[in-house]
Amino acid sequence: MTQAKLLALDCTPPEVTAAKARRLAVRLYGIDGEAEPLYGERERNFRIRAGADDIILKISSHEEVAEAIELQASVLSHLAQADPSLHVPSLRKSKNGRDHETVQLDGHRHIVRAFRFLEGELLEGRTPTVALLRDVGRTVGRLDRALRGYFHPGAGQRIAWDLKCAPEVARHTPLIADKRVRQLVEATYARFNGSVLPRLGGLPGQVIHNDTHPGNLLTDPDRTRVVGLLDFGDTVHGARLLDVALPAAEVTIAGVSPLDCAAEILAGYQGINPLEEDEIALLYDAILARHAQSLTILAYRRAHDPAAAAPLATFERHSIDGLEALTAAGPDRALIRFREAAGIGRTITVPLPRLSPETAQERASLMARRKRLLGPDLELTYNEPIHIVRGEGVWLHDADGRRYLDCYNNVPQVGHAHRHVVEAIARQAATLNTNTRYLHSLVLDFAERLTALMPADGGLSVCIFVNCGSEANDIAWRMATAWTGKRGALVMDQAYHGGTEAVAALSPYHVHDGLVAPHVRKLEAPDTYRGRFGAAHEDAGAAYAADADRAIAELDAAGYGTAIWMVDTGFTSNGLINPPAGYVRAVADKVRAAGGLVIADEVQFGFGRSGSHFWGFDTHGVIPDIVTMGKPVGNGHPLGVIVTRPEILAKFAKESNYFSTFGGNPVSIAAGLAVLDVIERERLQENARTTGTLTLQRLSALMQRHGAIGDVRGYGLKFGVEIVSDRATKAPDQAAAKRIANSMRSHGVLVGTEGAFANVLKIRPPLPFRSEHAEILTGTLDAAITSLT
Ligand code: PMP
């Protein structure tokens, strides 16, 4: 049996003048009015302006299959019955009472029909609103719901726009002139024809509209609602999901990612006529295939009938942009986004492929060498350690090419291997690297920029540059003892401030027997979830701060006095708590009243992470006497900074004659300057605020559904998720937290554990963490917790 010709590759609309159309309308329909030509791919269309009797007159190509013409009449009358509120065209009977008439033109028989004119504004050439995208999804959803169970033999027409015919159309891919576009189209067809098309047949199928593009959509003047869906000329029997893929490819908003636009349309459709998971799994490839099909048909027409190519060429850029953006987003991200939009995103995770045998062997050998050369006690993160070879933005890549979303590391504050930072380091390293005993402008530029970021009235105007956070805190401690003449220190219970001898004494984090050095006193963590005073307490800040009175009195009694309160402004090792209002300020006041200095350790929370402020101390409304920095300041390049008041520095300098060989070297400083540039240019602090808010909402939503989450807290891009075995007793579940972190790691998302009971999930991603990353994080966390049971 020979196959019927594939329609719509070639366009053969009949030659009909406006005058002729007008005469036809009078003769066949008794309607007279000016005939205005409209675009039609395979037919000649005219609007006949006749007041209340306005019609669209369609004169079809002689190639058109009669059954398909009948199908259109049949579909429209079915829809009028099944869902009369759907705004679709209706046929106007001819003078003879028929749905269509036949006329003889150029020696061919042509079918003529008249449709009643539908009011509304054509979307083509106008920008949709997000609300409209949803309504497009809803409209097609209603249409498909109304067509469920409907059939007509004309739906078997073979047209090039039907993705079932993609293999036939794909044969013309070599006609695409642009090599890069051709390659993208080839890759799309390879996936679609190879592994998607064979699966479409097994999915829910029905008669579908198959052509929801802006030229077939009428909207209200605000472009928020669909008031008409036109043109059932491409209607076929096919996979239902294609009726979502079509508008998802065609109806987009400039400046909004095609993935987000598609997700909105899908969300609208799901509300009416939900696709199943198997269908959603193929949506991404179907959208890409539609773009590939458009570009191939355009190339075919360019080669065979340039006049017919012209109307399509206007959409070429749209298809190329869509193809590129979706290809760049990749199937995994798209699937997560679509499942999320469909309300099933919560459980999606993308399991990582297994390690190749070679990589597994290489990893085992690295572990053995590491044990031998670095000692057996150096901790490795995760049960199955990761061998990372490359980083980029919020992503880390392992030796097997697997990708991990980094939700843990705050050192790469502006993203792993940020080009601006990398180039700044490389450029300076290729020019000069010396020390601060020579004149150099960069270090002064950096000092100026850092101190300009300090509160205007705090006097924090001078810097010392060192090599890491520990060293910064070590110097800060020495400065404070020199300035105050006292020897005692207050730190938070569980605090970690670094590894030098002096600073290790200020870090009860690793002290297992609860004892600290005699000159150090720990302050009770102001933890409103787990501590003595809850969020409902009338002044939990003051209640917790009272512990400082006890500690200061003890240090006085022991003869040390209070030289400092050193505090991590993000309260990271206390389980990333948000201290109650007024707490930091109240303790700072008590310490100052006792003659001590307040040292804000910004190693964790500085550099815009809070979203609301550049420095963590600002979020607490306190101006410290000394500020210390590490980790994010160089985005991974070793760099530490101490900023203080000139008089404090002067006293220390006189007593110590301090100098650091590497501290403040131009290469490190170039890194620091580049980090500040990127935070500013990429508005990363603002991103921390907006994405942080969204992420916190998503994490809190998980808590509604999982009893294992006892508390969710966050500020900017810093979150703590308490894992408990019993929400009522708040019993910490360290083992479960560990299993969750390991499970997430095996699904390509990195988080850590923290807190006095190591049961708090520690989430602290690089700042270019966006909403799509938040979705991956929460979807994977959801699945990890679900798999606990
Ligand atoms: N302060 C805080 C709050 C830290 O978290 C750390 C490191 N985890 C340090 C200081 C020490 O920094 P470094 O490891 O660069 O010496």
# chains A, B, ... in the order shown; residues from 1 in each chain; ligands from 1

call {"tool": "residues_near_ligand", "arguments": {"ligand": "ligand 1", "cutoff": "7 Å", "atoms": "only C-alpha atoms and all ligand atoms", "output": "ChimeraX atom specification"}}
result
/A:468-471,473,496-499,568,601-604,630-631

call {"tool": "write_last_selection", "arguments": {"atoms": "all heavy atoms", "output": "mmCIF file, in the first residue's frame"}}
result
data_model
loop_
_atom_site.group_PDB
_atom_site.id
_atom_site.type_symbol
_atom_site.label_atom_id
_atom_site.label_comp_id
_atom_site.auth_asym_id
_atom_site.auth_seq_id
_atom_site.Cartn_x
_atom_site.Cartn_y
_atom_site.Cartn_z
ATOM 1 N N CYS A 468 44.238 33.066 56.265
ATOM 2 C CA CYS A 468 43.065 32.219 56.490
ATOM 3 C C CYS A 468 42.268 32.762 57.679
ATOM 4 O O CYS A 468 42.688 33.722 58.335
ATOM 5 C CB CYS A 468 43.486 30.767 56.781
ATOM 6 S SG CYS A 468 44.439 30.608 58.291
ATOM 7 N N GLY A 469 41.153 32.112 57.931
ATOM 8 C CA GLY A 469 40.282 32.545 59.012
ATOM 9 C C GLY A 469 40.911 32.366 60.384
ATOM 10 O O GLY A 469 40.785 33.221 61.265
ATOM 11 N N SER A 470 41.602 31.238 60.569
ATOM 12 C CA SER A 470 42.224 30.980 61.879
ATOM 13 C C SER A 470 43.222 32.077 62.223
ATOM 14 O O SER A 470 43.254 32.576 63.359
ATOM 15 C CB SER A 470 42.993 29.652 61.846
ATOM 16 O OG SER A 470 42.160 28.595 61.476
ATOM 17 N N GLU A 471 44.010 32.416 61.228
ATOM 18 C CA GLU A 471 45.038 33.422 61.465
ATOM 19 C C GLU A 471 44.397 34.785 61.759
ATOM 20 O O GLU A 471 44.872 35.538 62.616
ATOM 21 C CB GLU A 471 45.948 33.502 60.225
ATOM 22 C CG GLU A 471 47.310 34.074 60.514
ATOM 23 C CD GLU A 471 48.180 34.146 59.272
ATOM 24 O OE1 GLU A 471 47.809 33.563 58.221
ATOM 25 O OE2 GLU A 471 49.239 34.802 59.345
ATOM 26 N N ASN A 473 41.540 35.284 63.206
ATOM 27 C CA ASN A 473 41.023 35.265 64.579
ATOM 28 C C ASN A 473 42.149 35.279 65.603
ATOM 29 O O ASN A 473 42.023 35.866 66.686
ATOM 30 C CB ASN A 473 40.126 34.043 64.783
ATOM 31 C CG ASN A 473 38.781 34.231 64.108
ATOM 32 O OD1 ASN A 473 38.331 35.370 63.942
ATOM 33 N ND2 ASN A 473 38.157 33.136 63.707
ATOM 34 N N TYR A 496 33.349 27.328 66.640
ATOM 35 C CA TYR A 496 34.597 26.992 65.955
ATOM 36 C C TYR A 496 35.160 28.265 65.356
ATOM 37 O O TYR A 496 34.484 28.939 64.579
ATOM 38 C CB TYR A 496 34.377 25.956 64.845
ATOM 39 C CG TYR A 496 35.700 25.589 64.200
ATOM 40 C CD1 TYR A 496 36.577 24.702 64.837
ATOM 41 C CD2 TYR A 496 36.103 26.172 63.004
ATOM 42 C CE1 TYR A 496 37.815 24.398 64.284
ATOM 43 C CE2 TYR A 496 37.342 25.869 62.454
ATOM 44 C CZ TYR A 496 38.193 24.986 63.092
ATOM 45 O OH TYR A 496 39.427 24.684 62.559
ATOM 46 N N HIS A 497 36.402 28.583 65.723
ATOM 47 C CA HIS A 497 37.015 29.793 65.182
ATOM 48 C C HIS A 497 38.368 29.529 64.554
ATOM 49 O O HIS A 497 39.014 30.457 64.083
ATOM 50 C CB HIS A 497 37.152 30.866 66.270
ATOM 51 C CG HIS A 497 35.826 31.387 66.748
ATOM 52 N ND1 HIS A 497 35.008 32.174 65.963
ATOM 53 C CD2 HIS A 497 35.157 31.208 67.926
ATOM 54 C CE1 HIS A 497 33.899 32.476 66.628
ATOM 55 N NE2 HIS A 497 33.965 31.901 67.825
ATOM 56 N N GLY A 498 38.837 28.275 64.554
ATOM 57 C CA GLY A 498 40.077 28.020 63.843
ATOM 58 C C GLY A 498 41.031 27.100 64.582
ATOM 59 O O GLY A 498 40.699 26.529 65.628
ATOM 60 N N GLY A 499 42.230 26.974 64.014
ATOM 61 C CA GLY A 499 43.135 25.917 64.437
ATOM 62 C C GLY A 499 44.458 26.322 65.075
ATOM 63 O O GLY A 499 45.220 25.445 65.478
ATOM 64 N N ASP A 568 30.659 33.919 65.781
ATOM 65 C CA ASP A 568 30.340 33.668 64.369
ATOM 66 C C ASP A 568 28.946 34.245 64.148
ATOM 67 O O ASP A 568 27.970 33.766 64.738
ATOM 68 C CB ASP A 568 30.371 32.151 64.111
ATOM 69 C CG ASP A 568 29.604 31.714 62.869
ATOM 70 O OD1 ASP A 568 29.235 32.583 62.049
ATOM 71 O OD2 ASP A 568 29.386 30.495 62.709
ATOM 72 N N ASP A 601 33.158 37.326 63.773
ATOM 73 C CA ASP A 601 33.800 36.386 62.860
ATOM 74 C C ASP A 601 32.869 36.234 61.650
ATOM 75 O O ASP A 601 31.806 35.625 61.745
ATOM 76 C CB ASP A 601 33.997 35.049 63.594
ATOM 77 C CG ASP A 601 34.653 33.982 62.723
ATOM 78 O OD1 ASP A 601 34.537 34.068 61.490
ATOM 79 O OD2 ASP A 601 35.253 33.039 63.295
ATOM 80 N N GLU A 602 33.296 36.825 60.524
ATOM 81 C CA GLU A 602 32.443 36.833 59.326
ATOM 82 C C GLU A 602 32.842 35.729 58.343
ATOM 83 O O GLU A 602 32.478 35.767 57.169
ATOM 84 C CB GLU A 602 32.524 38.202 58.634
ATOM 85 C CG GLU A 602 31.895 39.329 59.428
ATOM 86 C CD GLU A 602 30.360 39.263 59.431
ATOM 87 O OE1 GLU A 602 29.779 38.690 58.487
ATOM 88 O OE2 GLU A 602 29.756 39.762 60.408
ATOM 89 N N VAL A 603 33.592 34.761 58.827
ATOM 90 C CA VAL A 603 34.059 33.684 57.953
ATOM 91 C C VAL A 603 32.880 32.932 57.319
ATOM 92 O O VAL A 603 32.940 32.479 56.189
ATOM 93 C CB VAL A 603 34.978 32.723 58.740
ATOM 94 C CG1 VAL A 603 35.276 31.453 57.956
ATOM 95 C CG2 VAL A 603 36.271 33.435 59.115
ATOM 96 N N GLN A 604 31.776 32.853 58.044
ATOM 97 C CA GLN A 604 30.631 32.107 57.535
ATOM 98 C C GLN A 604 29.567 32.986 56.892
ATOM 99 O O GLN A 604 29.010 32.634 55.867
ATOM 100 C CB GLN A 604 29.974 31.318 58.684
ATOM 101 C CG GLN A 604 30.827 30.207 59.235
ATOM 102 C CD GLN A 604 30.836 28.975 58.342
ATOM 103 O OE1 GLN A 604 30.028 28.823 57.437
ATOM 104 N NE2 GLN A 604 31.786 28.096 58.584
ATOM 105 N N GLY A 630 37.488 35.253 56.296
ATOM 106 C CA GLY A 630 38.235 34.140 55.702
ATOM 107 C C GLY A 630 37.402 33.575 54.579
ATOM 108 O O GLY A 630 36.663 34.311 53.924
ATOM 109 N N LYS A 631 37.476 32.272 54.428
ATOM 110 C CA LYS A 631 36.716 31.547 53.396
ATOM 111 C C LYS A 631 36.238 32.355 52.180
ATOM 112 O O LYS A 631 36.927 32.394 51.172
ATOM 113 C CB LYS A 631 35.569 30.804 54.058
ATOM 114 C CG LYS A 631 36.080 29.638 54.914
ATOM 115 C CD LYS A 631 34.965 28.773 55.407
ATOM 116 C CE LYS A 631 35.584 27.588 56.146
ATOM 117 N NZ LYS A 631 34.611 26.690 56.698
#

call {"tool": "residues_around", "arguments": {"residues": "Arg27 (chain A)", "least_positions_apart": "6", "cutoff": "10 Å", "atoms": "only C-alpha atoms", "output": "number ranges by chain"}}
result
A: 21, 94-95

call {"tool": "select_by_dssp", "arguments": {"residues": "region 447-679 of chain A", "states": "helix (DSSP H, G or I)", "output": "JSON, numbers by chain"}}
result
{"A": [447, 448, 449, 450, 451, 452, 469, 470, 471, 472, 473, 474, 475, 476, 477, 478, 479, 480, 481, 482, 483, 484, 501, 502, 503, 504, 508, 509, 510, 540, 541, 542, 543, 544, 545, 546, 547, 548, 549, 550, 551, 552, 553, 554, 555, 556, 557, 572, 573, 574, 583, 584, 585, 586, 587, 588, 589, 590, 591, 592, 593, 616, 617, 618, 619, 631, 632, 633, 634, 646, 647, 648, 649, 650, 651, 652, 653, 654, 655, 656, 666, 667, 668, 669, 670, 671, 672, 673, 674, 675, 676, 677, 678, 679]}

call {"tool": "closest_atom_pairs", "arguments": {"of": "region 242-325 of chain A", "to": "region 227-236 of chain A", "cutoff": "12 Å", "atoms": "only C-alpha atoms", "output": "tab-separated table"}}
result
residue	atom	partner	partner_atom	distance
A:Leu242	CA	A:Val236	CA	10.6
A:Asp243	CA	A:Thr235	CA	10.1
A:Leu246	CA	A:Asp234	CA	11.6
A:Pro247	CA	A:Leu229	CA	11.6

call {"tool": "atom_distance", "arguments": {"atom1": "CA of Ser356 (chain A)", "atom2": "CA of Ile386 (chain A)"}}
result
13.3 Å

call {"tool": "select_by_dssp", "arguments": {"residues": "region 253-500 of chain A", "states": "strand (DSSP E)", "output": "MDAnalysis selection string"}}
result
chainID A and resid 388:392 395:398 403:406 462:466 488:492

call {"tool": "residues_around", "arguments": {"residues": "Ile297 (chain A)", "least_positions_apart": "3", "cutoff": "8 Å", "atoms": "only C-alpha atoms", "output": "list in words"}}
result
Leu9, Ala160, Val169, His172, Gln293, Ser294, Tyr300 and Arg301 of chain A

call {"tool": "write_last_selection", "arguments": {"atoms": "N, CA and C atoms", "output": "PDB file, in the first residue's frame"}}
result
ATOM      1  N   LEU A   9       4.428  19.966   3.787  1.00  0.00           N
ATOM      2  CA  LEU A   9       5.828  20.274   3.487  1.00  0.00           C
ATOM      3  C   LEU A   9       5.803  21.290   2.359  1.00  0.00           C
ATOM      4  N   ALA A 160       3.058  17.135   7.812  1.00  0.00           N
ATOM      5  CA  ALA A 160       4.439  17.295   8.279  1.00  0.00           C
ATOM      6  C   ALA A 160       4.493  17.832   9.708  1.00  0.00           C
ATOM      7  N   VAL A 169      10.269  13.862   8.049  1.00  0.00           N
ATOM      8  CA  VAL A 169      10.704  15.261   7.936  1.00  0.00           C
ATOM      9  C   VAL A 169      12.211  15.353   8.191  1.00  0.00           C
ATOM     10  N   HIS A 172      15.116  15.726   5.699  1.00  0.00           N
ATOM     11  CA  HIS A 172      15.473  16.989   5.046  1.00  0.00           C
ATOM     12  C   HIS A 172      16.406  17.851   5.893  1.00  0.00           C
ATOM     13  N   GLN A 293      11.292  20.329  14.041  1.00  0.00           N
ATOM     14  CA  GLN A 293      10.373  20.165  12.918  1.00  0.00           C
ATOM     15  C   GLN A 293      10.172  21.517  12.203  1.00  0.00           C
ATOM     16  N   SER A 294       9.965  22.581  12.962  1.00  0.00           N
ATOM     17  CA  SER A 294       9.767  23.908  12.358  1.00  0.00           C
ATOM     18  C   SER A 294      10.978  24.301  11.513  1.00  0.00           C
ATOM     19  N   TYR A 300      13.252  23.118   4.183  1.00  0.00           N
ATOM     20  CA  TYR A 300      12.699  22.432   3.004  1.00  0.00           C
ATOM     21  C   TYR A 300      12.014  23.450   2.081  1.00  0.00           C
ATOM     22  N   ARG A 301      11.228  24.317   2.684  1.00  0.00           N
ATOM     23  CA  ARG A 301      10.497  25.285   1.850  1.00  0.00           C
ATOM     24  C   ARG A 301      11.448  26.291   1.223  1.00  0.00           C
TER      25      ARG A 301
END

call {"tool": "closest_atom_pairs", "arguments": {"of": "region 368-464 of chain A", "to": "region 775-789 of chain A", "cutoff": "12 Å", "atoms": "only C-alpha atoms", "output": "tab-separated table"}}
result
residue	atom	partner	partner_atom	distance
A:Val394	CA	A:Leu777	CA	11.7
A:Tyr404	CA	A:Ile776	CA	10.6
A:Leu405	CA	A:Leu777	CA	7.9
A:Asp406	CA	A:Leu777	CA	9.4
A:Cys407	CA	A:Leu777	CA	7.6
A:Tyr408	CA	A:Leu777	CA	10.9

call {"tool": "atom_distance", "arguments": {"atom1": "CA of Thr327 (chain A)", "atom2": "CA of Phe769 (chain A)"}}
result
20.4 Å

call {"tool": "residues_around", "arguments": {"residues": "Pro765 (chain A)", "least_positions_apart": "4", "cutoff": "12 Å", "atoms": "only C-alpha atoms", "output": "PyMOL selection string"}}
result
chain A and resi 393-396+404-416+604-605+609-610+632+687-688+691-692+695+716-719+749-752+769-770+773-774+777

call {"tool": "residues_around", "arguments": {"residues": "Arg402 (chain A)", "least_positions_apart": "5", "cutoff": "12 Å", "atoms": "only C-alpha atoms", "output": "NGL selection string"}}
result
:A and (350-356 or 359 or 386-391 or 395-397 or 745-749)

call {"tool": "residues_around", "arguments": {"residues": "region 332-342 of chain A", "least_positions_apart": "3", "cutoff": "10 Å", "atoms": "only C-alpha atoms", "output": "ChimeraX atom specification"}}
result
/A:259-260,262-271,274-277,280-285,326-329,345-350,772-773,775-776,779-780

call {"tool": "write_last_selection", "arguments": {"atoms": "N, CA, C and O atoms", "output": "short mmCIF file (atom, residue, chain, number, x, y, z; two decimals), in the first residue's frame"}}
result
data_model
loop_
_atom_site.label_atom_id
_atom_site.label_comp_id
_atom_site.auth_asym_id
_atom_site.auth_seq_id
_atom_site.Cartn_x
_atom_site.Cartn_y
_atom_site.Cartn_z
N LEU A 259 12.02 27.15 29.51
CA LEU A 259 11.67 26.08 30.44
C LEU A 259 10.57 26.56 31.40
O LEU A 259 9.60 25.86 31.68
N ASP A 260 10.75 27.78 31.91
CA ASP A 260 9.75 28.33 32.83
C ASP A 260 8.42 28.56 32.11
O ASP A 260 7.35 28.33 32.69
N ALA A 262 7.27 26.90 29.51
CA ALA A 262 6.67 25.59 29.28
C ALA A 262 6.05 25.07 30.58
O ALA A 262 4.97 24.49 30.59
N ALA A 263 6.76 25.32 31.69
CA ALA A 263 6.27 24.84 32.99
C ALA A 263 4.94 25.50 33.33
O ALA A 263 4.04 24.87 33.90
N GLU A 264 4.80 26.80 33.00
CA GLU A 264 3.53 27.50 33.27
C GLU A 264 2.39 26.89 32.47
O GLU A 264 1.29 26.69 32.99
N ILE A 265 2.65 26.60 31.21
CA ILE A 265 1.60 26.03 30.36
C ILE A 265 1.21 24.65 30.89
O ILE A 265 0.03 24.31 31.01
N LEU A 266 2.23 23.89 31.24
CA LEU A 266 1.96 22.56 31.79
C LEU A 266 1.12 22.66 33.07
O LEU A 266 0.16 21.91 33.26
N ALA A 267 1.50 23.63 33.92
CA ALA A 267 0.77 23.78 35.19
C ALA A 267 -0.70 24.06 34.91
O ALA A 267 -1.59 23.52 35.59
N GLY A 268 -0.96 24.91 33.92
CA GLY A 268 -2.35 25.21 33.56
C GLY A 268 -3.08 23.96 33.07
O GLY A 268 -4.21 23.69 33.47
N TYR A 269 -2.43 23.20 32.24
CA TYR A 269 -3.02 21.99 31.67
C TYR A 269 -3.33 20.98 32.78
O TYR A 269 -4.39 20.36 32.82
N GLN A 270 -2.36 20.86 33.70
CA GLN A 270 -2.51 19.85 34.77
C GLN A 270 -3.74 20.10 35.64
O GLN A 270 -4.34 19.17 36.16
N GLY A 271 -4.06 21.39 35.78
CA GLY A 271 -5.21 21.74 36.63
C GLY A 271 -6.51 21.21 36.05
O GLY A 271 -7.51 21.10 36.76
N PRO A 274 -4.87 16.32 33.86
CA PRO A 274 -3.46 16.04 34.18
C PRO A 274 -2.78 14.98 33.31
O PRO A 274 -3.33 13.89 33.11
N LEU A 275 -1.60 15.34 32.82
CA LEU A 275 -0.74 14.35 32.15
C LEU A 275 -0.23 13.39 33.21
O LEU A 275 -0.08 13.76 34.38
N GLU A 276 0.06 12.17 32.80
CA GLU A 276 0.65 11.21 33.73
C GLU A 276 2.17 11.36 33.75
O GLU A 276 2.74 11.99 32.87
N GLU A 277 2.79 10.74 34.73
CA GLU A 277 4.24 10.89 34.87
C GLU A 277 4.99 10.46 33.62
O GLU A 277 5.96 11.09 33.22
N ILE A 280 4.85 13.22 31.10
CA ILE A 280 5.69 14.37 31.46
C ILE A 280 7.16 14.06 31.18
O ILE A 280 7.93 14.92 30.77
N ALA A 281 7.50 12.79 31.33
CA ALA A 281 8.90 12.38 31.11
C ALA A 281 9.33 12.62 29.66
O ALA A 281 10.52 12.76 29.38
N LEU A 282 8.36 12.67 28.72
CA LEU A 282 8.73 12.85 27.31
C LEU A 282 8.47 14.26 26.80
O LEU A 282 8.75 14.57 25.64
N LEU A 283 7.94 15.09 27.67
CA LEU A 283 7.54 16.43 27.23
C LEU A 283 8.73 17.24 26.71
O LEU A 283 8.64 17.89 25.65
N TYR A 284 9.82 17.19 27.41
CA TYR A 284 11.01 17.97 27.02
C TYR A 284 11.42 17.62 25.59
O TYR A 284 11.64 18.51 24.75
N ASP A 285 11.51 16.34 25.30
CA ASP A 285 11.95 15.94 23.96
C ASP A 285 10.92 16.32 22.91
O ASP A 285 11.27 16.64 21.78
N LEU A 326 16.76 25.22 25.59
CA LEU A 326 16.32 23.95 26.17
C LEU A 326 17.43 22.91 26.15
O LEU A 326 17.58 22.13 27.09
N THR A 327 18.21 22.93 25.08
CA THR A 327 19.33 21.99 25.03
C THR A 327 20.31 22.30 26.16
O THR A 327 20.81 21.40 26.84
N ALA A 328 20.55 23.60 26.38
CA ALA A 328 21.49 23.99 27.45
C ALA A 328 20.93 23.59 28.82
O ALA A 328 21.66 23.17 29.70
N ALA A 329 19.62 23.73 28.99
CA ALA A 329 19.03 23.38 30.30
C ALA A 329 19.17 21.88 30.55
O ALA A 329 19.40 21.45 31.68
N GLY A 345 6.84 17.34 41.52
CA GLY A 345 8.28 17.58 41.57
C GLY A 345 8.88 17.23 42.91
O GLY A 345 10.08 17.06 43.02
N ARG A 346 8.04 17.10 43.91
CA ARG A 346 8.59 16.92 45.25
C ARG A 346 9.38 15.64 45.39
O ARG A 346 10.27 15.54 46.20
N THR A 347 9.04 14.66 44.60
CA THR A 347 9.71 13.38 44.81
C THR A 347 10.78 13.10 43.76
O THR A 347 11.39 12.06 43.78
N ILE A 348 10.99 14.04 42.86
CA ILE A 348 11.95 13.73 41.78
C ILE A 348 13.39 13.81 42.27
O ILE A 348 13.77 14.71 42.99
N THR A 349 14.14 12.87 41.91
CA THR A 349 15.57 12.95 42.10
C THR A 349 16.18 12.30 40.87
O THR A 349 15.54 11.49 40.22
N VAL A 350 17.35 12.71 40.56
CA VAL A 350 18.00 12.12 39.40
C VAL A 350 19.13 11.25 39.93
O VAL A 350 20.18 11.75 40.29
N GLU A 772 15.92 27.37 40.35
CA GLU A 772 15.91 26.00 39.80
C GLU A 772 16.79 25.08 40.65
O GLU A 772 16.53 23.89 40.76
N HIS A 773 17.83 25.67 41.27
CA HIS A 773 18.69 24.86 42.14
C HIS A 773 17.93 24.52 43.44
O HIS A 773 18.06 23.43 43.98
N GLU A 775 14.88 24.05 43.67
CA GLU A 775 13.94 22.96 43.36
C GLU A 775 14.64 21.61 43.42
O GLU A 775 14.10 20.63 43.92
N ILE A 776 15.84 21.59 42.88
CA ILE A 776 16.59 20.32 42.90
C ILE A 776 16.89 19.94 44.35
O ILE A 776 16.71 18.79 44.76
N GLY A 779 13.57 18.91 46.10
CA GLY A 779 13.06 17.66 45.54
C GLY A 779 13.89 16.47 46.00
O GLY A 779 13.36 15.41 46.37
N THR A 780 15.20 16.66 46.03
CA THR A 780 16.09 15.58 46.42
C THR A 780 16.00 15.31 47.92
O THR A 780 16.02 14.16 48.36
#

call {"tool": "residues_around", "arguments": {"residues": "region 514-520 of chain A", "least_positions_apart": "3", "cutoff": "12 Å", "atoms": "only C-alpha atoms", "output": "number ranges by chain"}}
result
A: 481, 486-495, 501-511, 523, 551-552, 554-566, 756

call {"tool": "closest_residue", "arguments": {"among": "A:Gly611, A:Gly755, A:Pro666, A:Pro331", "to": "Ser441 (chain A)", "atoms": "only C-alpha atoms"}}
result
A:Pro666

call {"tool": "closest_residue", "arguments": {"among": "A:His304, A:Arg240, A:Arg199, A:His706", "to": "Leu175 (chain A)", "atoms": "only C-alpha atoms"}}
result
A:His304

call {"tool": "closest_residue", "arguments": {"among": "A:Arg530, A:Arg369, A:Arg223, A:His637", "to": "Val130 (chain A)", "atoms": "only C-alpha atoms"}}
result
A:Arg223

call {"tool": "decode", "arguments": {"residues": "region 51-63 of chain A", "atoms": "C-alpha atoms", "output": "short mmCIF file (atom, residue, chain, number, x, y, z; two decimals), in the first residue's frame"}}
result
data_model
loop_
_atom_site.label_atom_id
_atom_site.label_comp_id
_atom_site.auth_asym_id
_atom_site.auth_seq_id
_atom_site.Cartn_x
_atom_site.Cartn_y
_atom_site.Cartn_z
CA GLY A 51 -21.05 43.61 10.22
CA ALA A 52 -22.80 41.10 12.44
CA ASP A 53 -22.37 38.53 9.69
CA ASP A 54 -18.52 38.69 9.60
CA ILE A 55 -17.09 35.42 8.38
CA ILE A 56 -13.74 33.85 7.61
CA LEU A 57 -13.93 32.33 4.14
CA LYS A 58 -11.52 29.40 3.61
CA ILE A 59 -10.71 28.05 0.17
CA SER A 60 -8.68 24.88 0.67
CA SER A 61 -5.84 23.45 -1.35
CA HIS A 62 -6.97 20.87 -3.90
CA GLU A 63 -4.55 18.45 -2.17
#
